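Text of the file coords.cif, holding mmCIF, C-alpha atoms and all ligand atoms:
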```cif
data_entry
#
loop_
_atom_site.label_atom_id
_atom_site.label_comp_id
_atom_site.auth_asym_id
_atom_site.auth_seq_id
_atom_site.Cartn_x
_atom_site.Cartn_y
_atom_site.Cartn_z
CA MET A 288 78.63 68.50 9.27
CA THR A 289 77.16 71.73 7.93
CA GLN A 290 79.12 74.87 7.10
CA ASP A 291 78.61 76.40 10.56
CA GLY A 292 79.79 73.19 12.24
CA THR A 293 76.35 72.05 13.35
CA ILE A 294 75.31 68.39 13.10
CA LEU A 295 71.79 67.95 11.74
CA SER A 296 71.82 64.22 11.15
CA THR A 297 74.03 61.26 11.92
CA ALA A 298 74.62 57.78 10.57
CA ILE A 299 76.57 54.94 12.13
CA PRO A 300 77.19 52.33 9.44
CA GLY A 301 76.95 48.82 10.84
CA VAL A 302 74.69 49.77 13.78
CA LYS A 303 70.90 49.50 13.77
CA ARG A 304 68.94 52.71 14.20
CA HIS A 305 66.42 52.49 17.05
CA ALA A 306 64.58 55.78 16.47
CA THR A 307 64.91 59.25 15.06
CA GLY A 308 63.34 61.83 17.36
CA LYS A 309 62.92 65.52 16.76
CA VAL A 310 66.31 66.15 18.36
CA ARG A 311 68.03 62.78 18.97
CA ASP A 312 69.25 59.99 16.72
CA VAL A 313 69.00 56.79 18.75
CA TYR A 314 71.00 53.64 17.94
CA ASP A 315 70.37 50.10 19.12
CA LEU A 316 73.26 48.27 20.77
CA GLY A 317 71.32 45.29 22.11
CA ASP A 318 70.69 45.89 25.81
CA ALA A 319 71.97 49.47 25.47
CA LEU A 320 71.04 52.50 23.36
CA LEU A 321 73.26 55.25 22.05
CA LEU A 322 71.48 58.62 22.31
CA VAL A 323 73.06 61.17 20.00
CA ALA A 324 71.77 64.72 20.50
CA THR A 325 72.02 66.56 17.18
CA ASP A 326 71.89 70.36 16.86
CA ARG A 327 68.34 70.17 15.54
CA ILE A 328 65.79 72.46 17.15
CA SER A 329 62.03 72.10 17.05
CA ALA A 330 59.44 74.76 17.80
CA PHE A 331 55.69 74.14 17.85
CA ASP A 332 56.67 70.50 17.12
CA VAL A 333 58.17 71.51 13.76
CA VAL A 334 61.89 70.80 13.25
CA MET A 335 63.78 73.79 11.83
CA HIS A 336 66.08 73.13 8.89
CA GLN A 337 68.96 75.02 10.49
CA GLY A 338 70.87 73.84 13.55
CA ILE A 339 71.87 75.68 16.74
CA PRO A 340 75.66 75.54 17.29
CA ASP A 341 76.57 73.55 20.44
CA LYS A 342 72.94 72.72 21.27
CA GLY A 343 73.43 68.95 21.09
CA ARG A 344 76.51 69.11 23.32
CA VAL A 345 74.70 71.32 25.85
CA LEU A 346 71.77 68.89 26.05
CA THR A 347 74.06 65.88 26.41
CA GLN A 348 76.51 67.37 28.91
CA LEU A 349 73.75 68.94 31.04
CA SER A 350 71.79 65.67 31.13
CA ALA A 351 74.94 63.80 32.17
CA TYR A 352 75.55 66.41 34.87
CA TRP A 353 72.01 66.09 36.27
CA PHE A 354 72.05 62.29 36.09
CA GLY A 355 75.07 62.51 38.39
CA GLN A 356 73.42 65.04 40.72
CA THR A 357 70.17 63.10 41.07
CA ARG A 358 71.43 59.51 41.29
CA GLY A 359 70.48 59.47 44.97
CA VAL A 360 66.85 60.31 44.16
CA ILE A 361 66.28 57.62 41.53
CA ALA A 362 68.44 55.40 39.31
CA ASN A 363 68.84 56.56 35.70
CA HIS A 364 69.73 55.03 32.36
CA LEU A 365 73.18 56.58 31.91
CA ILE A 366 76.01 54.05 31.44
CA THR A 367 78.68 56.45 30.19
CA ALA A 368 79.14 59.79 28.46
CA ASP A 369 82.82 59.09 27.82
CA ASP A 370 83.57 59.38 24.09
CA GLY A 371 86.39 56.82 24.21
CA ALA A 372 84.28 54.23 26.02
CA ILE A 373 81.42 54.88 23.60
CA ALA A 374 83.69 54.42 20.57
CA ALA A 375 84.96 51.13 22.02
CA ARG A 376 81.39 49.90 22.56
CA LEU A 377 80.45 50.90 18.99
CA ALA A 378 83.46 49.04 17.57
CA GLU A 379 82.41 45.97 19.58
CA ALA A 380 78.94 46.24 18.05
CA GLY A 381 80.46 46.14 14.57
CA ALA A 382 80.60 49.84 13.66
CA ALA A 383 83.48 51.18 11.59
CA VAL A 384 84.69 53.86 14.03
CA THR A 385 86.36 56.39 11.73
CA ASP A 386 87.85 59.71 12.83
CA ASP A 387 84.94 61.35 11.08
CA LEU A 388 82.43 59.40 13.18
CA ARG A 389 84.35 60.18 16.37
CA ARG A 390 84.20 63.90 15.54
CA THR A 391 80.48 63.71 14.78
CA LEU A 392 79.64 62.00 18.07
CA ALA A 393 82.06 63.90 20.33
CA GLY A 394 80.41 65.42 23.38
CA ARG A 395 76.88 64.74 22.18
CA SER A 396 76.47 61.03 22.91
CA LEU A 397 75.23 59.05 25.89
CA LEU A 398 75.41 55.28 26.20
CA CYS A 399 72.28 54.26 28.12
CA SER A 400 70.48 51.15 29.36
CA LYS A 401 67.62 50.27 27.06
CA ALA A 402 64.31 50.62 28.88
CA THR A 403 60.64 50.33 28.02
CA PRO A 404 59.50 53.97 28.12
CA LEU A 405 56.34 54.64 30.16
CA PRO A 406 53.74 56.35 27.95
CA ILE A 407 53.54 59.66 29.84
CA GLU A 408 55.55 62.88 30.01
CA ALA A 409 56.11 63.44 33.74
CA VAL A 410 55.67 67.22 33.97
CA VAL A 411 56.38 69.02 37.27
CA ARG A 412 55.62 72.71 37.75
CA GLY A 413 56.89 74.97 40.50
CA TYR A 414 55.58 78.18 38.90
CA LEU A 415 52.51 79.11 36.91
CA SER A 416 53.66 79.42 33.30
CA GLY A 417 53.08 78.22 29.75
CA SER A 418 50.06 75.99 29.17
CA ALA A 419 49.30 75.81 32.92
CA TRP A 420 49.01 79.60 33.10
CA LYS A 421 46.76 79.64 30.01
CA GLU A 422 44.53 77.00 31.55
CA TYR A 423 44.50 78.75 34.95
CA ALA A 424 43.71 82.15 33.45
CA ALA A 425 40.86 80.67 31.42
CA ARG A 426 39.31 78.91 34.43
CA ALA A 427 40.00 81.33 37.30
CA LYS A 428 36.66 82.67 38.53
CA ASP A 429 35.80 84.84 41.52
CA GLY A 430 38.00 83.62 44.30
CA ASN A 431 37.57 79.87 43.85
CA PRO A 432 40.47 77.40 43.70
CA VAL A 433 41.24 76.37 40.13
CA ASP A 434 41.22 72.73 39.11
CA LEU A 435 44.28 72.21 36.90
CA TRP A 436 43.76 68.74 35.41
CA GLY A 437 42.76 67.44 38.82
CA VAL A 438 45.24 69.48 40.90
CA GLN A 439 43.73 72.25 43.07
CA VAL A 440 45.53 75.60 42.71
CA PRO A 441 44.61 78.60 44.90
CA PRO A 442 42.92 81.65 43.36
CA GLY A 443 44.51 85.04 42.82
CA LEU A 444 47.82 83.96 41.26
CA ARG A 445 49.52 85.95 38.49
CA GLU A 446 51.42 84.63 35.46
CA SER A 447 54.82 83.22 36.61
CA ASP A 448 53.86 83.22 40.32
CA GLU A 449 55.33 80.44 42.43
CA LEU A 450 52.84 77.69 43.25
CA PRO A 451 52.33 76.90 46.95
CA GLU A 452 53.74 73.40 46.25
CA PRO A 453 55.28 71.90 43.12
CA VAL A 454 52.57 70.02 41.20
CA PHE A 455 52.68 66.91 39.02
CA THR A 456 50.76 67.53 35.77
CA PRO A 457 51.71 64.74 33.34
CA SER A 458 50.78 64.76 29.69
CA THR A 459 50.32 62.12 27.03
CA LYS A 460 53.27 61.22 24.82
CA ALA A 461 51.97 61.93 21.37
CA THR A 462 53.76 59.91 18.68
CA ALA A 463 52.85 62.70 16.27
CA GLY A 464 51.62 66.20 17.04
CA HIS A 465 51.22 67.83 20.42
CA ASP A 466 51.24 66.25 23.87
CA LEU A 467 48.00 66.74 25.78
CA PRO A 468 47.55 67.18 29.53
CA MET A 469 46.35 64.05 31.27
CA PRO A 470 43.62 64.40 33.87
CA ARG A 471 44.85 63.18 37.23
CA ALA A 472 42.20 60.46 37.40
CA GLU A 473 43.51 58.92 34.16
CA ILE A 474 47.20 58.57 35.04
CA ALA A 475 46.84 54.99 36.28
CA GLN A 476 45.10 54.03 33.05
CA TYR A 477 48.34 54.85 31.27
CA ILE A 478 50.97 53.55 33.70
CA GLY A 479 49.10 51.39 36.24
CA ASP A 480 50.98 50.71 39.47
CA PHE A 481 53.79 53.04 38.41
CA ALA A 482 51.55 56.09 38.90
CA ALA A 483 52.50 56.63 42.56
CA PRO A 484 56.27 55.91 42.28
CA VAL A 485 56.55 58.06 39.13
CA GLU A 486 54.81 61.01 40.80
CA GLU A 487 56.97 60.65 43.90
CA ALA A 488 60.20 60.41 41.88
CA ALA A 489 59.26 63.32 39.59
CA LEU A 490 58.44 65.63 42.51
CA LYS A 491 61.59 64.63 44.40
CA LEU A 492 63.74 65.15 41.28
CA TYR A 493 62.18 68.57 40.79
CA ARG A 494 62.79 69.62 44.41
CA THR A 495 66.39 68.38 44.35
CA ALA A 496 67.13 70.16 41.06
CA ALA A 497 65.31 73.36 42.07
CA GLU A 498 67.36 73.55 45.25
CA HIS A 499 70.60 73.08 43.28
CA ALA A 500 69.51 75.67 40.70
CA ALA A 501 68.58 78.17 43.42
CA GLY A 502 72.18 78.00 44.63
CA ARG A 503 73.20 79.14 41.14
CA GLY A 504 70.64 81.96 41.01
CA LEU A 505 68.22 80.11 38.75
CA LEU A 506 64.56 79.15 39.11
CA ILE A 507 63.16 76.03 37.45
CA ALA A 508 59.67 77.09 36.42
CA ASP A 509 58.74 73.66 35.12
CA THR A 510 60.31 70.55 33.69
CA LYS A 511 59.46 67.26 32.04
CA PHE A 512 60.91 63.85 32.87
CA GLU A 513 60.64 60.53 31.09
CA PHE A 514 60.71 57.25 32.96
CA GLY A 515 61.17 53.70 31.74
CA THR A 516 61.19 50.23 33.20
CA VAL A 517 63.81 47.49 33.12
CA PRO A 518 63.49 43.94 34.45
CA GLY A 519 64.32 43.86 38.17
CA LYS A 520 66.15 41.26 40.22
CA GLU A 521 63.04 39.34 41.31
CA PRO A 522 61.32 37.37 38.54
CA GLY A 523 58.45 39.39 37.07
CA ALA A 524 59.52 42.59 38.86
CA PHE A 525 60.41 45.82 37.10
CA ASP A 526 62.65 48.67 38.20
CA LEU A 527 61.88 52.28 37.43
CA LEU A 528 64.60 54.36 35.72
CA LEU A 529 64.86 58.03 34.79
CA ILE A 530 65.54 57.97 31.02
CA ASP A 531 65.93 60.31 28.04
CA GLU A 532 67.26 63.79 28.89
CA ALA A 533 67.07 65.53 32.26
CA LEU A 534 66.67 69.18 33.22
CA THR A 535 67.88 70.72 29.97
CA PRO A 536 66.61 73.89 28.29
CA ASP A 537 64.63 71.64 25.90
CA SER A 538 62.77 69.95 28.75
CA SER A 539 62.62 72.80 31.27
CA ARG A 540 62.00 76.50 31.72
CA PHE A 541 64.88 78.10 33.63
CA TRP A 542 64.53 81.68 34.84
CA ASP A 543 67.10 84.08 36.25
CA ALA A 544 66.26 84.60 39.94
CA ALA A 545 67.83 88.08 39.86
CA THR A 546 65.37 89.42 37.27
CA TYR A 547 62.33 87.31 38.28
CA ALA A 548 59.25 89.54 38.22
CA PRO A 549 55.91 87.68 38.29
CA GLY A 550 52.88 89.24 36.64
CA GLY A 551 53.92 88.38 33.07
CA PRO A 552 56.12 86.01 31.07
CA GLN A 553 59.80 85.70 32.12
CA PRO A 554 62.86 85.53 29.86
CA SER A 555 64.12 81.94 29.80
CA PHE A 556 67.15 80.01 28.61
CA ASP A 557 65.28 77.84 26.14
CA LYS A 558 63.82 78.06 22.68
CA GLN A 559 61.28 80.71 23.70
CA PHE A 560 63.55 83.14 21.81
CA VAL A 561 63.00 81.11 18.60
CA ARG A 562 59.28 80.73 19.28
CA ASP A 563 58.92 84.49 19.78
CA TYR A 564 60.69 85.10 16.46
CA LEU A 565 58.49 82.55 14.66
CA GLU A 566 55.30 84.04 16.15
CA GLY A 567 56.23 87.26 14.36
CA VAL A 568 56.84 85.69 10.93
CA PRO A 569 53.91 86.83 8.81
CA GLY A 570 51.82 84.04 7.37
CA TRP A 571 53.58 81.03 8.94
CA ASP A 572 50.90 78.58 10.11
CA LYS A 573 53.22 76.46 12.35
CA GLN A 574 53.22 73.65 9.81
CA PRO A 575 56.30 72.40 7.95
CA PRO A 576 58.25 73.73 6.17
CA ALA A 577 59.59 76.13 8.79
CA PRO A 578 60.76 79.61 7.80
CA ASP A 579 64.50 80.40 7.70
CA LEU A 580 66.00 81.56 11.00
CA PRO A 581 68.15 84.72 10.74
CA THR A 582 71.76 84.47 11.98
CA GLU A 583 71.05 86.62 15.05
CA ILE A 584 68.23 84.30 16.13
CA ILE A 585 70.46 81.24 15.70
CA GLU A 586 73.34 82.91 17.58
CA GLY A 587 71.05 84.30 20.29
CA THR A 588 69.59 80.84 20.86
CA ALA A 589 73.05 79.22 20.97
CA ARG A 590 74.09 81.79 23.57
CA ARG A 591 71.07 80.99 25.74
CA TYR A 592 71.78 77.25 25.66
CA ARG A 593 75.47 77.78 26.54
CA ASP A 594 74.45 80.21 29.31
CA ALA A 595 72.12 77.60 30.78
CA TYR A 596 74.99 75.09 30.87
CA ARG A 597 77.35 77.59 32.49
CA ARG A 598 74.85 78.84 35.06
CA ILE A 599 73.83 75.35 36.15
CA THR A 600 77.21 73.62 36.23
CA GLY A 601 79.34 76.63 37.14
CA HIS A 602 81.65 75.90 34.14
CA GLU A 603 81.86 76.98 30.52
CA LEU A 604 80.84 74.33 28.00
CA PRO A 605 84.12 72.51 27.17
CA PRO A 606 85.52 73.21 23.68
CA ASN A 607 84.22 71.01 20.88
CA LYS A 608 86.60 68.07 20.41
CA GLY A 609 84.80 67.29 17.19
CA ALA A 610 85.42 70.66 15.55
N1 LIG B 701 66.72 54.49 28.03
C1 LIG B 701 65.84 54.58 27.03
N2 LIG B 701 65.21 53.46 26.58
C2 LIG B 701 64.33 53.53 25.56
N3 LIG B 701 64.00 54.67 24.90
C3 LIG B 701 64.59 55.82 25.32
C4 LIG B 701 65.53 55.84 26.40
N4 LIG B 701 65.93 57.11 26.58
C5 LIG B 701 65.28 57.85 25.68
N5 LIG B 701 64.47 57.11 24.89
C6 LIG B 701 63.63 57.57 23.77
O1 LIG B 701 64.50 58.10 22.77
C7 LIG B 701 63.88 59.18 22.06
C8 LIG B 701 64.78 60.43 22.12
O2 LIG B 701 64.61 61.25 21.00
P1 LIG B 701 64.08 62.77 21.06
O3 LIG B 701 64.37 63.39 22.38
O4 LIG B 701 64.56 63.45 19.83
O5 LIG B 701 62.52 62.43 20.99
P2 LIG B 701 61.21 63.24 20.77
O6 LIG B 701 60.44 62.88 21.99
O7 LIG B 701 60.66 62.94 19.42
O8 LIG B 701 61.47 64.73 20.76
P3 LIG B 701 61.03 65.80 21.83
O9 LIG B 701 61.93 65.58 23.01
O10 LIG B 701 61.30 67.08 21.10
O11 LIG B 701 59.58 65.55 22.17
C9 LIG B 701 62.55 59.41 22.74
O12 LIG B 701 61.55 58.74 22.00
C10 LIG B 701 62.71 58.73 24.11
O13 LIG B 701 61.49 58.27 24.65
MG MG B 702 62.75 64.06 23.78
#
```
Please, can you express the file's structure as structure tokens?
Amino acid sequence: MTQDGTILSTAIPGVKRHATGKVRDVYDLGDALLLVATDRISAFDVVMHQGIPDKGRVLTQLSAYWFGQTRGVIANHLITADDGAIAARLAEAGAAVTDDLRRTLAGRSLLCSKATPLPIEAVVRGYLSGSAWKEYAARAKDGNPVDLWGVQVPPGLRESDELPEPVFTPSTKATAGHDLPMPRAEIAQYIGDFAAPVEEAALKLYRTAAEHAAGRGLLIADTKFEFGTVPGKEPGAFDLLLIDEALTPDSSRFWDAATYAPGGPQPSFDKQFVRDYLEGVPGWDKQPPAPDLPTEIIEGTARRYRDAYRRITGHELPPNKGA
């Protein structure tokens, strides 16, 4: 643990590490994975060397919340988010479960079914923002519909305008560097027969979540899902699962409906605040090492993540049992 209580890295002696992502440490428990969301934050695909207090717990608890809310739309990988059950499973797998380890993992861990991730990021957009707005603005010409990676979007829209229908605009899953948009015609080359069910599930998840968020005064501008496959009941069949994280400020742009004003960028509950700060750091070329983040940027970001949790769930983030 660092001085401000953030967790930047974890280790579970006796358990095999499956992967280390930009944000999560993933451990291999045979047919299950333990996803531990650290307090790391990345911007422009560069991981900062300071953590954001409570960020890992917000990502974990919000994902668990949404997995519960969307179970009727599609099955997901969550087995349990219960710290006691997770500790018991770790002990079974041969880990020495010390009090220190319990404190490190508290509130930030999800025990999940191990899946084979599909090699696309399933992006759904309800509003014109971010890279889609950039692309639209660059291509919009005299009253013609705009082709956004194979999806037709009507002319005359402003930045942050609502799209007539939510659109599915997946991107590649880059193992290093930036994800790139995937032209519609190429989706099946990446995921074959799963193209149609993934699109259907992603759009349905988006609509379900957007409706829930609207009830809390929030708009979901866009979001990214990951799907994976697990062997199904019939021999040779595979079932589709929603995996990774779901509808968090790291994977989604949430806007406040009360202050929504299309025609420009909107304040959001995610790391845009950090990105905006970094854009103003003279001379930083968006390559590691990242510049230091001032305390007010760290605190302001932490506040935004906690606000997202509170707005969506209707509750404050529970106190940190690991502190
Ligand atoms: N059920 C699952 N089965 C297999 N792999 C999974 C499952 N759930 C999540 N993963 C993988 O675990 C990793 C989670 O780590 P993390 O979110 O830090 O990854 P990242 O993709 O490098 O970062 P970012 O989200 O910033 O792009 C991802 O590679 C994700 O695909
Ligand atoms: Mg991820």
query: Which of these residues is nearest to Leu534 (chain A), using all atoms listed in the file: A:Lys511, A:Lys520, A:Arg494, A:Arg562?
result: A:Lys511
- prompt: For Thr462 (chain A), which of A:Glu532, A:Asp563, A:Glu379, A:Glu408 is the closest residue, counting only C-alpha atoms?
  reply: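 The shortest atom-to-atom distance to Thr462 (chain A) comes from A:Glu408.
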task: Tell me which of A:Ala382, A:Ile585, A:Leu392, A:Leu320 sits closest to Thr347 (chain A), counting all atoms listed in the file.
output: A:Leu392
Please write out the residues within 9 Å of ligand MG 702 (chain B) as a JSON list (two decimals) with C-alpha atoms, keeping the file's coordinate frame, counting only C-alpha atoms and all ligand atoms.
```json
[["chain", "number", "residue", "atom", "x", "y", "z"],
["A", 308, "GLY", "CA", 63.34, 61.83, 17.36],
["A", 309, "LYS", "CA", 62.92, 65.52, 16.76],
["A", 310, "VAL", "CA", 66.31, 66.15, 18.36],
["A", 311, "ARG", "CA", 68.03, 62.78, 18.97],
["A", 513, "GLU", "CA", 60.64, 60.53, 31.09],
["A", 531, "ASP", "CA", 65.93, 60.31, 28.04],
["A", 532, "GLU", "CA", 67.26, 63.79, 28.89],
["A", 537, "ASP", "CA", 64.63, 71.64, 25.90],
["A", 538, "SER", "CA", 62.77, 69.95, 28.75]]
```
Per-residue nearest contacts chain A to ligand LIG 701 (chain B), cut-off 9 Å, using all atoms listed in the file, as CSV:
```
residue,atom,partner,partner_atom,distance
A:His305,CA,B:LIG701,O1,8.2
A:Ala306,CA,B:LIG701,C7,6.6
A:Thr307,CA,B:LIG701,O2,6.3
A:Gly308,CA,B:LIG701,O4,3.2
A:Lys309,CA,B:LIG701,O4,4.0
A:Val310,CA,B:LIG701,O4,3.5
A:Arg311,CA,B:LIG701,O4,3.6
A:Asp312,CA,B:LIG701,O2,6.4
A:Val313,CA,B:LIG701,O1,6.2
A:Ala319,CA,B:LIG701,N1,7.7
A:Leu320,CA,B:LIG701,N1,6.7
A:Leu321,CA,B:LIG701,N4,8.8
A:Leu322,CA,B:LIG701,C8,6.9
A:Val323,CA,B:LIG701,O2,8.5
A:Ala324,CA,B:LIG701,O4,7.4
A:Thr325,CA,B:LIG701,O4,8.5
A:Arg327,CA,B:LIG701,O4,8.8
A:Ile328,CA,B:LIG701,O10,8.0
A:Ser329,CA,B:LIG701,O10,6.5
A:Ala330,CA,B:LIG701,O10,8.6
A:Asp332,CA,B:LIG701,O10,7.0
A:Val334,CA,B:LIG701,O10,8.7
A:Asn363,CA,B:LIG701,N1,8.2
A:His364,CA,B:LIG701,N1,5.3
A:Leu365,CA,B:LIG701,N1,7.8
A:Leu398,CA,B:LIG701,N1,8.9
A:Cys399,CA,B:LIG701,N1,5.6
A:Ser400,CA,B:LIG701,N1,5.2
A:Lys401,CA,B:LIG701,N2,4.0
A:Ala402,CA,B:LIG701,N2,3.8
A:Thr403,CA,B:LIG701,C2,5.5
A:Pro404,CA,B:LIG701,C2,5.5
A:Leu405,CA,B:LIG701,O13,8.4
A:Pro406,CA,B:LIG701,O13,8.6
A:Lys460,CA,B:LIG701,O6,7.9
A:Ala461,CA,B:LIG701,O11,8.5
A:Thr462,CA,B:LIG701,O7,7.6
A:Ala463,CA,B:LIG701,O7,8.4
A:His465,CA,B:LIG701,O11,8.8
A:Asp466,CA,B:LIG701,O11,8.5
A:Glu513,CA,B:LIG701,O13,6.9
A:Phe514,CA,B:LIG701,N4,8.2
A:Gly515,CA,B:LIG701,N2,6.6
A:Thr516,CA,B:LIG701,N2,8.4
A:Val517,CA,B:LIG701,N2,9.0
A:Leu528,CA,B:LIG701,N1,8.0
A:Leu529,CA,B:LIG701,N1,7.9
A:Ile530,CA,B:LIG701,N4,4.5
A:Asp531,CA,B:LIG701,C5,3.5
A:Glu532,CA,B:LIG701,C5,7.0
A:Asp537,CA,B:LIG701,O9,7.2
A:Ser538,CA,B:LIG701,O9,7.3
```
- request: Go through A:Pro581, A:Pro549, A:Pro442, A:Gly417 one by one, measure the shortest atom-to-atom distance of each to Asp429 (chain A) using all atoms listed in the file, and give the residue with the smallest value.
  value: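 Comparing A:Pro581, A:Pro549, A:Pro442, A:Gly417 against Asp429 (chain A), the winner is A:Pro442.
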field: Distance criterion (all atoms listed in the file): nearest to Ala496 (chain A) out of A:Tyr314, A:Tyr596, A:Trp353, A:Phe556
entry: A:Trp353
message: Between CA of Thr535 (chain A) and CA of Asp291 (chain A), what is the distance in Å, rounded to a tenth?
response: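 Atom-to-atom, CA of Thr535 (chain A) to CA of Asp291 (chain A), that is 22.9 Å.
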- prompt: Which one is closest to Gly609 (chain A): A:Asp387, A:Asp557, A:Asp318, A:Glu473? Count only C-alpha atoms.
  reply: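 Looking at the shortest contact to Gly609 (chain A), the residue is A:Asp387.
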query: Could you pull the residues within 12 Å of Pro484 (chain A), counting all atoms listed in the file, minus those fewer than 2 positions along the same chain, as a ChimeraX atom specification?
result: /A:360-361,409,474-475,478-482,486-492,514-516,526-529
field: Protein and nucleic acid residues near (83.2, 66.4, 20.0) (cut-off 6 Å, only C-alpha atoms) as a list of chain:residue names
entry: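 The residues near that point, listed by chain and number, are A:Arg390, A:Leu392, A:Ala393, A:Gly394, A:Asn607, A:Lys608, A:Gly609.
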query: Which distance in Å separates CA of Gly504 (chain A) and CA of Asp543 (chain A), to one decimal?
result: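 Interatomic distance, CA of Gly504 (chain A) to CA of Asp543 (chain A): 6.3 Å.
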- request: Find the spatial neighbours of Trp436 (chain A), counting all atoms listed in the file, within a cut-off of 12 Å - ignore same-chain residues fewer than 5 positions away - and output them as a ChimeraX atom specification.
  value: /A:418-419,422-423,426,454-458,467-474
For the residues selected in the previous step, produce a file with C-alpha atoms as a compact mmCIF listing (two decimals), in the frame of the given file.
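Once written, again.txt looks like this:
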```
# COMPACT_ATOMS: atom_id res chain seq x y z
CA SER A 418 50.06 75.99 29.17
CA ALA A 419 49.30 75.81 32.92
CA GLU A 422 44.53 77.00 31.55
CA TYR A 423 44.50 78.75 34.95
CA ARG A 426 39.31 78.91 34.43
CA VAL A 454 52.57 70.02 41.20
CA PHE A 455 52.68 66.91 39.02
CA THR A 456 50.76 67.53 35.77
CA PRO A 457 51.71 64.74 33.34
CA SER A 458 50.78 64.76 29.69
CA LEU A 467 48.00 66.74 25.78
CA PRO A 468 47.55 67.18 29.53
CA MET A 469 46.35 64.05 31.27
CA PRO A 470 43.62 64.40 33.87
CA ARG A 471 44.85 63.18 37.23
CA ALA A 472 42.20 60.46 37.40
CA GLU A 473 43.51 58.92 34.16
CA ILE A 474 47.20 58.57 35.04
```
query: To one decimal place, how far is CA of Ala351 (chain A) from CA of Ser539 (chain A) in Å?
result: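 Pair CA of Ala351 (chain A) / CA of Ser539 (chain A) returns 15.3 Å.
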